[in-house]
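Visitor: Provided herewith: query30.pdb, PDB, C-alpha atoms.
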MODEL        1
ATOM      1  CA  MET A   1       0.000   0.000   0.000
ATOM      2  CA  GLY A   2       1.439   3.383  -0.965
ATOM      3  CA  SER A   3       1.811   6.411   1.257
ATOM      4  CA  LEU A   4      -1.458   8.229   1.890
ATOM      5  CA  LEU A   5       0.339  11.534   2.471
ATOM      6  CA  GLU A   6       2.085  11.183  -0.896
ATOM      7  CA  GLU A   7      -1.211  10.361  -2.580
ATOM      8  CA  LEU A   8      -2.800  13.459  -1.001
ATOM      9  CA  GLY A   9       0.228  15.598  -1.878
ATOM     10  CA  TRP A  10       0.318  17.165   1.557
ATOM     11  CA  THR A  11       3.919  16.764   2.726
ATOM     12  CA  LYS A  12       4.952  19.924   0.887
ATOM     13  CA  TYR A  13       2.734  21.889   3.288
ATOM     14  CA  VAL A  14       4.923  21.122   6.293
ATOM     15  CA  GLY A  15       6.391  24.460   7.349
ATOM     16  CA  LYS A  16       3.648  26.351   5.576
ATOM     17  CA  GLU A  17       2.130  29.160   7.602
ATOM     18  CA  THR A  18      -1.605  29.327   8.103
ATOM     19  CA  GLY A  19      -3.517  32.507   7.431
ATOM     20  CA  THR A  20      -3.481  35.215  10.101
ATOM     21  CA  TYR A  21      -6.898  35.753  11.665
ATOM     22  CA  THR A  22      -8.041  38.446  14.074
ATOM     23  CA  GLY A  23     -11.273  38.098  15.994
ATOM     24  CA  GLU A  24     -13.884  40.627  17.004
ATOM     25  CA  PRO A  25     -13.656  42.215  20.460
ATOM     26  CA  VAL A  26     -14.181  39.632  23.178
ATOM     27  CA  MET A  27     -17.406  40.297  25.038
ATOM     28  CA  ALA A  28     -18.072  39.858  28.740
ATOM     29  CA  ARG A  29     -21.154  37.874  27.701
ATOM     30  CA  ASP A  30     -19.038  35.367  25.743
ATOM     31  CA  ILE A  31     -16.753  34.843  28.723
ATOM     32  CA  ARG A  32     -19.643  34.521  31.168
ATOM     33  CA  ARG A  33     -21.465  31.938  29.044
ATOM     34  CA  TYR A  34     -18.301  29.947  28.394
ATOM     35  CA  ALA A  35     -17.619  29.799  32.143
ATOM     36  CA  LEU A  36     -21.204  28.594  32.727
ATOM     37  CA  ALA A  37     -20.780  25.862  30.112
ATOM     38  CA  ILE A  38     -17.728  24.449  31.899
ATOM     39  CA  ASP A  39     -19.265  25.012  35.362
ATOM     40  CA  ASP A  40     -16.353  27.146  36.528
ATOM     41  CA  PRO A  41     -17.665  29.233  39.444
ATOM     42  CA  ASP A  42     -14.707  31.638  39.692
ATOM     43  CA  PRO A  43     -16.258  35.128  39.987
ATOM     44  CA  ILE A  44     -13.452  36.715  37.923
ATOM     45  CA  TYR A  45     -15.284  35.456  34.823
ATOM     46  CA  ARG A  46     -18.567  37.276  35.575
ATOM     47  CA  ASP A  47     -18.378  39.643  38.561
ATOM     48  CA  ARG A  48     -16.771  42.983  37.726
ATOM     49  CA  ASP A  49     -16.111  43.929  41.354
ATOM     50  CA  ALA A  50     -14.523  40.585  42.243
ATOM     51  CA  ALA A  51     -12.478  40.692  39.039
ATOM     52  CA  ARG A  52     -11.277  44.239  39.765
ATOM     53  CA  ARG A  53     -10.095  43.196  43.247
ATOM     54  CA  SER A  54      -8.236  40.177  41.848
ATOM     55  CA  LYS A  55      -4.706  40.111  40.463
ATOM     56  CA  HIS A  56      -6.196  40.545  36.975
ATOM     57  CA  GLY A  57      -7.776  43.920  37.705
ATOM     58  CA  GLY A  58     -10.804  43.155  35.523
ATOM     59  CA  ILE A  59     -12.837  40.394  33.964
ATOM     60  CA  VAL A  60     -10.690  37.782  32.207
ATOM     61  CA  ALA A  61     -11.541  34.610  30.343
ATOM     62  CA  PRO A  62     -10.849  31.052  31.514
ATOM     63  CA  LEU A  63      -7.391  29.992  30.350
ATOM     64  CA  PHE A  64      -8.392  27.655  27.553
ATOM     65  CA  TYR A  65     -10.780  30.239  26.047
ATOM     66  CA  VAL A  66      -7.818  31.777  24.207
ATOM     67  CA  THR A  67      -8.084  28.977  21.622
ATOM     68  CA  TRP A  68     -11.627  30.124  20.803
ATOM     69  CA  ALA A  69     -11.175  33.885  21.188
ATOM     70  CA  VAL A  70     -10.564  34.556  17.493
ATOM     71  CA  GLY A  71     -13.828  32.929  16.576
ATOM     72  CA  VAL A  72     -13.360  30.058  14.165
ATOM     73  CA  PRO A  73     -12.275  31.288  10.743
ATOM     74  CA  GLY A  74     -14.575  29.785   8.136
ATOM     75  CA  ALA A  75     -16.929  28.150  10.633
ATOM     76  CA  GLU A  76     -19.841  30.568  10.344
ATOM     77  CA  LYS A  77     -21.637  29.226   7.293
ATOM     78  CA  SER A  78     -25.320  28.839   6.481
ATOM     79  CA  THR A  79     -26.847  25.450   7.191
ATOM     80  CA  LYS A  80     -26.964  24.758   3.442
ATOM     81  CA  GLU A  81     -23.183  24.931   3.240
ATOM     82  CA  LEU A  82     -22.467  22.720   6.219
ATOM     83  CA  GLY A  83     -21.472  19.087   5.947
ATOM     84  CA  GLU A  84     -23.834  16.350   7.157
ATOM     85  CA  ASP A  85     -22.109  16.435  10.523
ATOM     86  CA  GLY A  86     -22.930  20.111  10.954
ATOM     87  CA  LEU A  87     -19.370  21.335  10.796
ATOM     88  CA  ALA A  88     -17.866  23.881   8.500
ATOM     89  CA  THR A  89     -14.409  23.777   9.993
ATOM     90  CA  PHE A  90     -12.545  24.373  13.218
ATOM     91  CA  VAL A  91      -9.153  25.602  14.376
ATOM     92  CA  GLY A  92      -6.578  22.913  13.808
ATOM     93  CA  ILE A  93      -8.025  21.625  10.545
ATOM     94  CA  PRO A  94      -4.983  21.996   8.296
ATOM     95  CA  GLU A  95      -5.199  24.460   5.438
ATOM     96  CA  VAL A  96      -4.417  21.955   2.678
ATOM     97  CA  PRO A  97      -6.312  20.986  -0.497
ATOM     98  CA  ASN A  98      -9.063  18.363  -0.194
ATOM     99  CA  VAL A  99      -8.760  18.411   3.580
ATOM    100  CA  TRP A 100     -12.363  17.137   3.936
ATOM    101  CA  ASP A 101     -11.548  13.943   2.073
ATOM    102  CA  LEU A 102     -10.605  12.875   5.590
ATOM    103  CA  GLY A 103     -12.632  12.851   8.779
ATOM    104  CA  TRP A 104     -10.848  14.721  11.568
ATOM    105  CA  VAL A 105     -10.618  14.373  15.308
ATOM    106  CA  ARG A 106      -8.338  16.081  17.786
ATOM    107  CA  GLY A 107      -5.386  13.975  18.920
ATOM    108  CA  GLY A 108      -3.735  16.115  21.571
ATOM    109  CA  GLU A 109      -2.765  19.631  22.552
ATOM    110  CA  GLU A 110      -0.029  21.511  24.409
ATOM    111  CA  LEU A 111      -0.386  25.076  25.586
ATOM    112  CA  GLU A 112       1.879  27.607  27.268
ATOM    113  CA  PHE A 113       0.174  30.595  28.889
ATOM    114  CA  PHE A 114       1.514  34.121  29.185
ATOM    115  CA  GLU A 115      -1.356  36.610  29.520
ATOM    116  CA  ARG A 116      -5.115  36.182  29.962
ATOM    117  CA  VAL A 117      -7.737  37.148  27.424
ATOM    118  CA  ARG A 118      -9.596  40.228  28.657
ATOM    119  CA  VAL A 119     -12.909  41.827  27.711
ATOM    120  CA  ASN A 120     -12.548  43.890  24.489
ATOM    121  CA  ASP A 121      -9.356  42.110  23.456
ATOM    122  CA  ARG A 122      -9.014  41.486  19.740
ATOM    123  CA  VAL A 123      -7.075  38.223  19.552
ATOM    124  CA  THR A 124      -4.975  37.289  16.537
ATOM    125  CA  VAL A 125      -3.921  33.751  15.716
ATOM    126  CA  LYS A 126      -1.141  32.762  13.361
ATOM    127  CA  GLY A 127       0.305  29.327  12.906
ATOM    128  CA  LYS A 128       2.024  26.785  10.761
ATOM    129  CA  ILE A 129       1.996  23.093  10.092
ATOM    130  CA  VAL A 130       5.089  21.643  11.756
ATOM    131  CA  GLU A 131       4.766  17.906  11.209
ATOM    132  CA  MET A 132       2.856  15.281   9.237
ATOM    133  CA  LYS A 133       3.016  11.545   9.883
ATOM    134  CA  GLU A 134       1.015   8.520   8.935
ATOM    135  CA  LYS A 135       0.405   5.222  10.670
ATOM    136  CA  ASP A 136      -1.513   2.062   9.955
ATOM    137  CA  GLY A 137      -4.536   1.863  12.202
ATOM    138  CA  LYS A 138      -6.987  -0.962  12.848
ATOM    139  CA  SER A 139      -9.324   0.158  10.065
ATOM    140  CA  GLY A 140      -6.878   1.787   7.662
ATOM    141  CA  LYS A 141      -4.362   4.571   7.462
ATOM    142  CA  LEU A 142      -4.245   7.451   9.927
ATOM    143  CA  VAL A 143      -2.689  10.827   9.192
ATOM    144  CA  PHE A 144      -1.328  12.959  12.052
ATOM    145  CA  VAL A 145      -0.992  16.675  11.322
ATOM    146  CA  THR A 146       0.591  18.891  13.981
ATOM    147  CA  SER A 147       0.331  22.666  13.874
ATOM    148  CA  GLU A 148       1.683  25.364  16.149
ATOM    149  CA  PHE A 149      -0.224  28.574  16.828
ATOM    150  CA  VAL A 150       0.586  31.831  18.566
ATOM    151  CA  TYR A 151      -2.206  33.993  19.983
ATOM    152  CA  THR A 152      -1.543  37.705  20.492
ATOM    153  CA  ASN A 153      -3.708  40.624  21.516
ATOM    154  CA  GLN A 154      -4.163  44.068  19.969
ATOM    155  CA  ASP A 155      -1.066  45.338  21.823
ATOM    156  CA  GLY A 156       1.061  42.611  20.290
ATOM    157  CA  LYS A 157       1.396  40.766  23.611
ATOM    158  CA  THR A 158       1.657  37.007  23.374
ATOM    159  CA  LEU A 159      -1.277  35.427  25.191
ATOM    160  CA  ALA A 160      -0.483  31.775  24.572
ATOM    161  CA  THR A 161       1.231  29.288  22.304
ATOM    162  CA  HIS A 162      -0.618  26.175  21.205
ATOM    163  CA  ARG A 163       0.557  22.967  19.592
ATOM    164  CA  LEU A 164      -2.265  20.836  18.259
ATOM    165  CA  THR A 165      -2.291  17.416  16.587
ATOM    166  CA  MET A 166      -5.250  16.458  14.420
ATOM    167  CA  ILE A 167      -5.861  12.870  13.340
ATOM    168  CA  GLY A 168      -7.386  12.285   9.923
ATOM    169  CA  THR A 169      -8.879   9.095   8.507
ATOM    170  CA  PRO A 170     -10.094   8.635   4.925
ATOM    171  CA  ARG A 171     -13.870   8.908   4.737
ATOM    172  CA  LYS A 172     -15.924   5.943   3.609
ATOM    173  CA  GLU A 173     -18.571   8.302   2.206
ATOM    174  CA  SER A 174     -18.840  11.921   1.202
ATOM    175  CA  ARG A 175     -19.201  14.466   3.994
ATOM    176  CA  HIS A 176     -22.322  15.793   2.283
ATOM    177  CA  ALA A 177     -24.105  12.419   2.150
TER     178      ALA A 177
ATOM    179  CA  MET B 178     -11.370  33.476  49.189
ATOM    180  CA  PRO B 179      -9.512  30.115  49.316
ATOM    181  CA  SER B 180      -6.084  30.241  50.949
ATOM    182  CA  GLN B 181      -3.010  30.386  48.734
ATOM    183  CA  THR B 182      -1.046  27.195  48.143
ATOM    184  CA  PHE B 183       2.713  27.695  48.500
ATOM    185  CA  PHE B 184       5.454  25.668  46.842
ATOM    186  CA  GLU B 185       6.501  24.188  50.175
ATOM    187  CA  ASP B 186       2.962  22.942  50.882
ATOM    188  CA  LEU B 187       3.204  20.221  48.225
ATOM    189  CA  SER B 188       5.431  17.176  48.043
ATOM    190  CA  GLU B 189       6.262  14.871  45.179
ATOM    191  CA  GLY B 190       3.660  12.117  44.891
ATOM    192  CA  GLN B 191       0.984  14.208  46.581
ATOM    193  CA  GLU B 192      -2.441  14.487  44.968
ATOM    194  CA  ILE B 193      -3.929  17.961  44.608
ATOM    195  CA  PRO B 194      -7.574  18.775  45.407
ATOM    196  CA  SER B 195      -9.721  17.327  42.628
ATOM    197  CA  LEU B 196     -12.819  18.589  40.824
ATOM    198  CA  ARG B 197     -16.025  16.674  40.246
ATOM    199  CA  LYS B 198     -17.571  17.575  36.913
ATOM    200  CA  GLU B 199     -20.967  16.438  35.735
ATOM    201  CA  VAL B 200     -20.906  17.032  31.995
ATOM    202  CA  SER B 201     -24.574  17.030  31.064
ATOM    203  CA  SER B 202     -25.963  17.381  27.549
ATOM    204  CA  VAL B 203     -26.907  20.930  28.586
ATOM    205  CA  ASN B 204     -23.288  21.774  29.452
ATOM    206  CA  ILE B 205     -22.212  20.349  26.102
ATOM    207  CA  LEU B 206     -24.819  22.387  24.243
ATOM    208  CA  MET B 207     -23.838  25.560  26.111
ATOM    209  CA  TYR B 208     -20.211  24.947  25.211
ATOM    210  CA  VAL B 209     -20.641  24.213  21.505
ATOM    211  CA  ALA B 210     -23.087  27.099  21.119
ATOM    212  CA  SER B 211     -20.752  29.548  22.861
ATOM    213  CA  VAL B 212     -17.824  28.646  20.594
ATOM    214  CA  TRP B 213     -19.875  27.782  17.465
ATOM    215  CA  LEU B 214     -18.699  24.206  17.261
ATOM    216  CA  MET B 215     -21.710  22.777  15.463
ATOM    217  CA  ASP B 216     -20.667  19.140  15.111
ATOM    218  CA  ARG B 217     -23.805  17.006  15.449
ATOM    219  CA  ILE B 218     -22.054  14.396  17.573
ATOM    220  CA  HIS B 219     -22.292  16.904  20.421
ATOM    221  CA  PHE B 220     -26.056  17.540  20.368
ATOM    222  CA  ASP B 221     -27.867  15.316  17.852
ATOM    223  CA  HIS B 222     -28.563  11.996  19.585
ATOM    224  CA  PRO B 223     -29.824  10.018  16.532
ATOM    225  CA  PHE B 224     -26.828  11.220  14.499
ATOM    226  CA  ALA B 225     -24.309  10.458  17.242
ATOM    227  CA  THR B 226     -25.707   6.999  17.947
ATOM    228  CA  LYS B 227     -27.088   5.717  14.639
ATOM    229  CA  ARG B 228     -24.748   7.429  12.152
ATOM    230  CA  ARG B 229     -21.591   7.500  14.208
ATOM    231  CA  GLY B 230     -22.107   4.480  16.468
ATOM    232  CA  LEU B 231     -21.437   6.405  19.669
ATOM    233  CA  PRO B 232     -23.122   5.414  22.944
ATOM    234  CA  ASP B 233     -24.576   8.928  23.385
ATOM    235  CA  VAL B 234     -23.845  12.519  22.394
ATOM    236  CA  VAL B 235     -20.267  13.324  23.395
ATOM    237  CA  ALA B 236     -18.507  16.325  24.864
ATOM    238  CA  PRO B 237     -15.879  18.051  22.733
ATOM    239  CA  GLY B 238     -12.564  16.758  23.999
ATOM    240  CA  ASN B 239     -11.493  20.378  24.496
ATOM    241  CA  MET B 240     -13.765  20.584  27.533
ATOM    242  CA  GLY B 241     -11.145  18.385  29.154
ATOM    243  CA  GLY B 242      -8.701  21.220  28.521
ATOM    244  CA  ASP B 243     -11.077  23.593  30.272
ATOM    245  CA  TYR B 244     -11.424  21.275  33.246
ATOM    246  CA  TYR B 245      -7.643  21.058  33.555
ATOM    247  CA  ALA B 246      -7.426  24.839  33.220
ATOM    248  CA  GLN B 247      -9.788  25.212  36.175
ATOM    249  CA  LEU B 248      -7.972  22.562  38.233
ATOM    250  CA  LEU B 249      -4.607  24.235  37.680
ATOM    251  CA  SER B 250      -5.943  27.797  38.088
ATOM    252  CA  GLU B 251      -7.411  26.867  41.471
ATOM    253  CA  LEU B 252      -4.085  25.339  42.484
ATOM    254  CA  ALA B 253      -2.206  28.457  41.355
ATOM    255  CA  GLY B 254      -4.507  30.735  43.345
ATOM    256  CA  GLU B 255      -4.151  34.505  43.504
ATOM    257  CA  THR B 256      -0.342  34.651  43.510
ATOM    258  CA  GLY B 257       0.577  31.564  41.471
ATOM    259  CA  GLN B 258       0.447  31.097  37.727
ATOM    260  CA  VAL B 259      -0.488  28.281  35.363
ATOM    261  CA  LYS B 260       2.448  27.944  32.969
ATOM    262  CA  ARG B 261       1.719  24.972  30.726
ATOM    263  CA  MET B 262      -0.604  22.110  30.154
ATOM    264  CA  SER B 263      -0.847  19.282  27.651
ATOM    265  CA  PHE B 264      -3.267  16.429  27.110
ATOM    266  CA  GLN B 265      -4.227  13.634  24.743
ATOM    267  CA  PHE B 266      -7.768  12.684  23.766
ATOM    268  CA  ARG B 267      -8.154   8.971  24.371
ATOM    269  CA  ASN B 268     -11.818   8.332  25.132
ATOM    270  CA  PHE B 269     -14.978  10.316  24.615
ATOM    271  CA  MET B 270     -16.603  11.991  27.588
ATOM    272  CA  LEU B 271     -20.287  11.115  27.247
ATOM    273  CA  ALA B 272     -23.269  13.311  28.115
ATOM    274  CA  GLY B 273     -24.189  12.482  31.696
ATOM    275  CA  ASP B 274     -20.690  11.352  32.685
ATOM    276  CA  VAL B 275     -19.541  12.225  36.181
ATOM    277  CA  LEU B 276     -15.850  12.980  35.929
ATOM    278  CA  ASP B 277     -13.091  13.003  38.501
ATOM    279  CA  VAL B 278     -10.608  15.684  37.397
ATOM    280  CA  GLY B 279      -7.411  15.419  39.383
ATOM    281  CA  GLY B 280      -3.649  15.445  39.461
ATOM    282  CA  LYS B 281      -0.536  14.371  41.296
ATOM    283  CA  VAL B 282       2.763  16.216  41.818
ATOM    284  CA  VAL B 283       5.543  14.438  39.920
ATOM    285  CA  LYS B 284       8.370  16.955  40.245
ATOM    286  CA  LYS B 285       9.224  20.150  42.096
ATOM    287  CA  SER B 286      11.952  22.621  41.178
ATOM    288  CA  ILE B 287      12.933  26.238  41.755
ATOM    289  CA  SER B 288      13.682  28.528  38.850
ATOM    290  CA  ASP B 289      14.168  32.321  38.893
ATOM    291  CA  GLY B 290      12.899  32.573  42.446
ATOM    292  CA  LYS B 291       9.655  30.747  41.651
ATOM    293  CA  GLY B 292       8.613  27.268  42.667
ATOM    294  CA  LEU B 293       7.602  25.124  39.692
ATOM    295  CA  VAL B 294       5.371  22.133  40.246
ATOM    296  CA  GLU B 295       4.933  19.550  37.495
ATOM    297  CA  LEU B 296       1.826  17.409  37.637
ATOM    298  CA  GLU B 297       0.413  14.335  36.006
ATOM    299  CA  LEU B 298      -3.308  14.897  35.334
ATOM    300  CA  TRP B 299      -6.360  12.727  34.791
ATOM    301  CA  ILE B 300     -10.021  12.973  33.894
ATOM    302  CA  LYS B 301     -11.577   9.698  34.949
ATOM    303  CA  ASN B 302     -15.101   8.653  34.125
ATOM    304  CA  ARG B 303     -17.190   6.490  36.423
ATOM    305  CA  ASN B 304     -15.541   3.376  34.995
ATOM    306  CA  GLY B 305     -12.162   4.682  36.097
ATOM    307  CA  VAL B 306     -11.034   5.290  32.496
ATOM    308  CA  ASN B 307      -8.724   8.286  32.067
ATOM    309  CA  CYS B 308     -10.410   9.925  29.085
ATOM    310  CA  VAL B 309      -7.916  12.756  28.628
ATOM    311  CA  PRO B 310      -4.504  11.976  30.224
ATOM    312  CA  GLY B 311      -2.519  15.161  30.753
ATOM    313  CA  LYS B 312       0.352  17.069  32.304
ATOM    314  CA  GLY B 313       0.609  20.531  33.789
ATOM    315  CA  VAL B 314       3.138  22.988  35.207
ATOM    316  CA  VAL B 315       2.167  25.577  37.814
ATOM    317  CA  ALA B 316       4.384  28.275  39.367
ATOM    318  CA  LEU B 317       3.706  28.734  43.071
ATOM    319  CA  PRO B 318       5.043  31.401  45.453
ATOM    320  CA  LEU B 319       7.730  30.456  47.957
ATOM    321  CA  ARG B 320       7.071  30.836  51.655
ATOM    322  CA  ALA B 321      10.760  31.044  52.477
ATOM    323  CA  ARG B 322      12.682  33.965  51.089
ATOM    324  CA  SER B 323      16.414  33.297  50.727
TER     325      SER B 323
ENDMDL
END
What is this file in structure tokens?

Guide:
Amino acid sequence: MGSLLEELGWTKYVGKETGTYTGEPVMARDIRRYALAIDDPDPIYRDRDAARRSKHGGIVAPLFYVTWAVGVPGAEKSTKELGEDGLATFVGIPEVPNVWDLGWVRGGEELEFFERVRVNDRVTVKGKIVEMKEKDGKSGKLVFVTSEFVYTNQDGKTLATHRLTMIGTPRKESRHA
Amino acid sequence: MPSQTFFEDLSEGQEIPSLRKEVSSVNILMYVASVWLMDRIHFDHPFATKRRGLPDVVAPGNMGGDYYAQLLSELAGETGQVKRMSFQFRNFMLAGDVLDVGGKVVKKSISDGKGLVELELWIKNRNGVNCVPGKGVVALPLRARS
């Protein structure tokens, strides 16, 4: 069996930078609802007075929120344009041709944190594909694509770095079935 | 306000206070709506079970990252800082799961006047399966000043 990555023609994208995306200003409402979803009771995510008294001096987002703070480039599509699974795309899906010939799941992530996301921040993400591998799995070939991202705010401060591995498997049927 | 944990308060091998998370289908819906992650496996039960063969709708694995972020942020407290975390997605967290989110100190060191604590992390479902094995590093203040 030949190499799936060679067949897809993707190995030349290792080292390729992703687009640079900047999100809209982060809203207190987004942070508050995100904290509710994960059941994190820390008042710094919703209570202005408590947040002001804390080391942060104001409302900040939960740590992992930084990976969502840009919004998801390309995800906001009408229902007619979505695949059967409902998805348009999400951060970590590599920017390579025919990417949706594979089904994708997240493999693993590493993050380093520097500054918190704050209300009104406009977060920018920029990244690149750093590695591609393939392995034989139980039901066929698996492709592992690792990307590294840097998140910065409107002042150019680094908020976090993020290394993310996505696992792709060839689809048995079209995504729009 | 909870009291601050200092570097000297922890020893290698010690478990840190854990979190109990009940990840209901409502939590999952709140999460995917708030971040616009509209994958049907997270909210469409017939799709998740009949089309994808899953036992139930599943939480996005990233919620494990959020649970670790809370665990480590609570450990860091007002004067500490969460430096790093990493995790692998091994098993789905199902709607209705009750999860034990915890960690154990594996190494302590001092760098630039700060105490660094490295932890092994787990998110165990009620069957004791670690769905999202992870690691974290937290900087904690030192009680003793040299």

Visitor: How would you write as a tab-separated table (two decimals) with C-alpha atoms, in the frame of the given file the residues that get within 8 Å of (6.6, 28.4, 44.9) in the file's frame, counting only C-alpha atoms?

Guide:
chain	number	residue	atom	x	y	z
B	183	PHE	CA	2.71	27.70	48.50
B	184	PHE	CA	5.45	25.67	46.84
B	185	GLU	CA	6.50	24.19	50.18
B	257	GLY	CA	0.58	31.56	41.47
B	287	ILE	CA	12.93	26.24	41.76
B	290	GLY	CA	12.90	32.57	42.45
B	291	LYS	CA	9.65	30.75	41.65
B	292	GLY	CA	8.61	27.27	42.67
B	293	LEU	CA	7.60	25.12	39.69
B	294	VAL	CA	5.37	22.13	40.25
B	316	ALA	CA	4.38	28.28	39.37
B	317	LEU	CA	3.71	28.73	43.07
B	318	PRO	CA	5.04	31.40	45.45
B	319	LEU	CA	7.73	30.46	47.96
B	320	ARG	CA	7.07	30.84	51.66

Visitor: Give me, as a list in words, all polymer residues having an atom no more than 8 Å from A:Pro62, counting all atoms listed in the file and skipping those fewer than 4 positions away in the same chain.

Guide: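 Answer for this query is Ile31, Ala35, Tyr45, Val66, Arg116 and Val117 of chain A; Asp243, Ala246 and Gln247 of chain B.
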
Visitor: Mind pulling up the distance from atom CA of B:Ala253 to atom CA of B:Ser188?

Guide: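 Answer for the atom CA of B:Ser188 to atom CA of B:Ala253 separation: 15.2 Å.
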
Visitor: With 7 Å as the cut-off and only C-alpha atoms counted, what is the closest atom pair between each nearby residue of chain B and chain A? Distances in Å to one decimal, ordered by chain and number, as a tab-separated table.

Guide:
residue	atom	partner	partner_atom	distance
B:Asn204	CA	A:Ala37	CA	4.8
B:Ile205	CA	A:Ala37	CA	7.0
B:Met207	CA	A:Ala37	CA	5.0
B:Tyr208	CA	A:Ala37	CA	5.0
B:Ser211	CA	A:Tyr34	CA	6.1
B:Val212	CA	A:Trp68	CA	6.4
B:Met215	CA	A:Gly86	CA	5.4
B:Asp216	CA	A:Gly86	CA	4.8
B:Arg217	CA	A:Asp85	CA	5.2
B:Gly242	CA	A:Phe64	CA	6.5
B:Asp243	CA	A:Phe64	CA	5.6
B:Ala246	CA	A:Leu63	CA	5.9
B:Gln247	CA	A:Asp40	CA	6.9
B:Glu255	CA	A:Lys55	CA	6.4
B:Val259	CA	A:Phe113	CA	6.9
B:Lys260	CA	A:Phe113	CA	5.4
B:Arg261	CA	A:Glu112	CA	4.4
B:Met262	CA	A:Leu111	CA	5.5
B:Ser263	CA	A:Glu110	CA	4.0
B:Phe264	CA	A:Gly108	CA	5.6
B:Gln265	CA	A:Gly108	CA	4.1
B:Phe266	CA	A:Gly107	CA	5.6

Visitor: Can you pull out the residues contacting B:Glu199? Cut-off 7 Å, using only C-alpha atoms, and skip same-chain residues under 3 positions away; I want them as a list in words.

Guide: Gly273, Asp274, Val275 and Leu276 of chain B

Visitor: Specify as a PyMOL selection string each residue included when the PyMOL selection byres ((chain B and resi 189-195) around 6) is applied to this file.

Guide: chain B and resi 188+196+278-284

Visitor: Return as a list in words the set of residues that the PyMOL selection byres ((chain A and resi 168) around 8) yields on the displayed structure.

Guide: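 That selection, the PyMOL selection byres ((chain A and resi 168) around 8), comes back as Leu102, Gly103, Trp104, Val105, Leu142, Val143, Phe144, Val145, Met166, Ile167, Thr169 and Pro170 of chain A.
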
Visitor: Which residues fall under the PyMOL selection byres ((chain A and resi 8) around 10) in this file, as a PDB file with C-alpha atoms, keeping the file's coordinate frame?

Guide:
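See expr38.pdb below for the written result:
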ATOM      1  CA  SER A   3       1.811   6.411   1.257  1.00  0.00           C
ATOM      2  CA  LEU A   4      -1.458   8.229   1.890  1.00  0.00           C
ATOM      3  CA  LEU A   5       0.339  11.534   2.471  1.00  0.00           C
ATOM      4  CA  GLU A   6       2.085  11.183  -0.896  1.00  0.00           C
ATOM      5  CA  GLU A   7      -1.211  10.361  -2.580  1.00  0.00           C
ATOM      6  CA  GLY A   9       0.228  15.598  -1.878  1.00  0.00           C
ATOM      7  CA  TRP A  10       0.318  17.165   1.557  1.00  0.00           C
ATOM      8  CA  THR A  11       3.919  16.764   2.726  1.00  0.00           C
ATOM      9  CA  VAL A  96      -4.417  21.955   2.678  1.00  0.00           C
ATOM     10  CA  PRO A  97      -6.312  20.986  -0.497  1.00  0.00           C
ATOM     11  CA  ASN A  98      -9.063  18.363  -0.194  1.00  0.00           C
ATOM     12  CA  VAL A  99      -8.760  18.411   3.580  1.00  0.00           C
ATOM     13  CA  ASP A 101     -11.548  13.943   2.073  1.00  0.00           C
TER      14      ASP A 101
END

Visitor: Suppose you want the space between atom CA of A:Gly19 and atom CA of B:Asn239; what is it in Å?

Guide: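 It comes out at 22.4 Å.
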
Visitor: In Å to one decimal, how far is atom CA of A:Asp155 from atom CA of A:Ala51?

Guide: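 Between atom CA of A:Ala51 and atom CA of A:Asp155 the gap works out to 21.2 Å.
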
Visitor: Select, counting all atoms listed in the file, all protein, DNA and RNA residues no farther than 8 Å from (-6.2, 13.4, 31.2) in file coordinates, and express the selection as an NGL selection string.

Guide: :B and (241 or 264-266 or 278 or 298-301 or 307-312)

Visitor: Once you have the residues from the selection above, write them out as a short mmCIF file (atom, residue, chain, number, x, y, z; two decimals), in the frame of the given file, restricted to C-alpha atoms.

Guide:
data_model
loop_
_atom_site.label_atom_id
_atom_site.label_comp_id
_atom_site.auth_asym_id
_atom_site.auth_seq_id
_atom_site.Cartn_x
_atom_site.Cartn_y
_atom_site.Cartn_z
CA GLY B 241 -11.14 18.39 29.15
CA PHE B 264 -3.27 16.43 27.11
CA GLN B 265 -4.23 13.63 24.74
CA PHE B 266 -7.77 12.68 23.77
CA VAL B 278 -10.61 15.68 37.40
CA LEU B 298 -3.31 14.90 35.33
CA TRP B 299 -6.36 12.73 34.79
CA ILE B 300 -10.02 12.97 33.89
CA LYS B 301 -11.58 9.70 34.95
CA ASN B 307 -8.72 8.29 32.07
CA CYS B 308 -10.41 9.93 29.08
CA VAL B 309 -7.92 12.76 28.63
CA PRO B 310 -4.50 11.98 30.22
CA GLY B 311 -2.52 15.16 30.75
CA LYS B 312 0.35 17.07 32.30
#
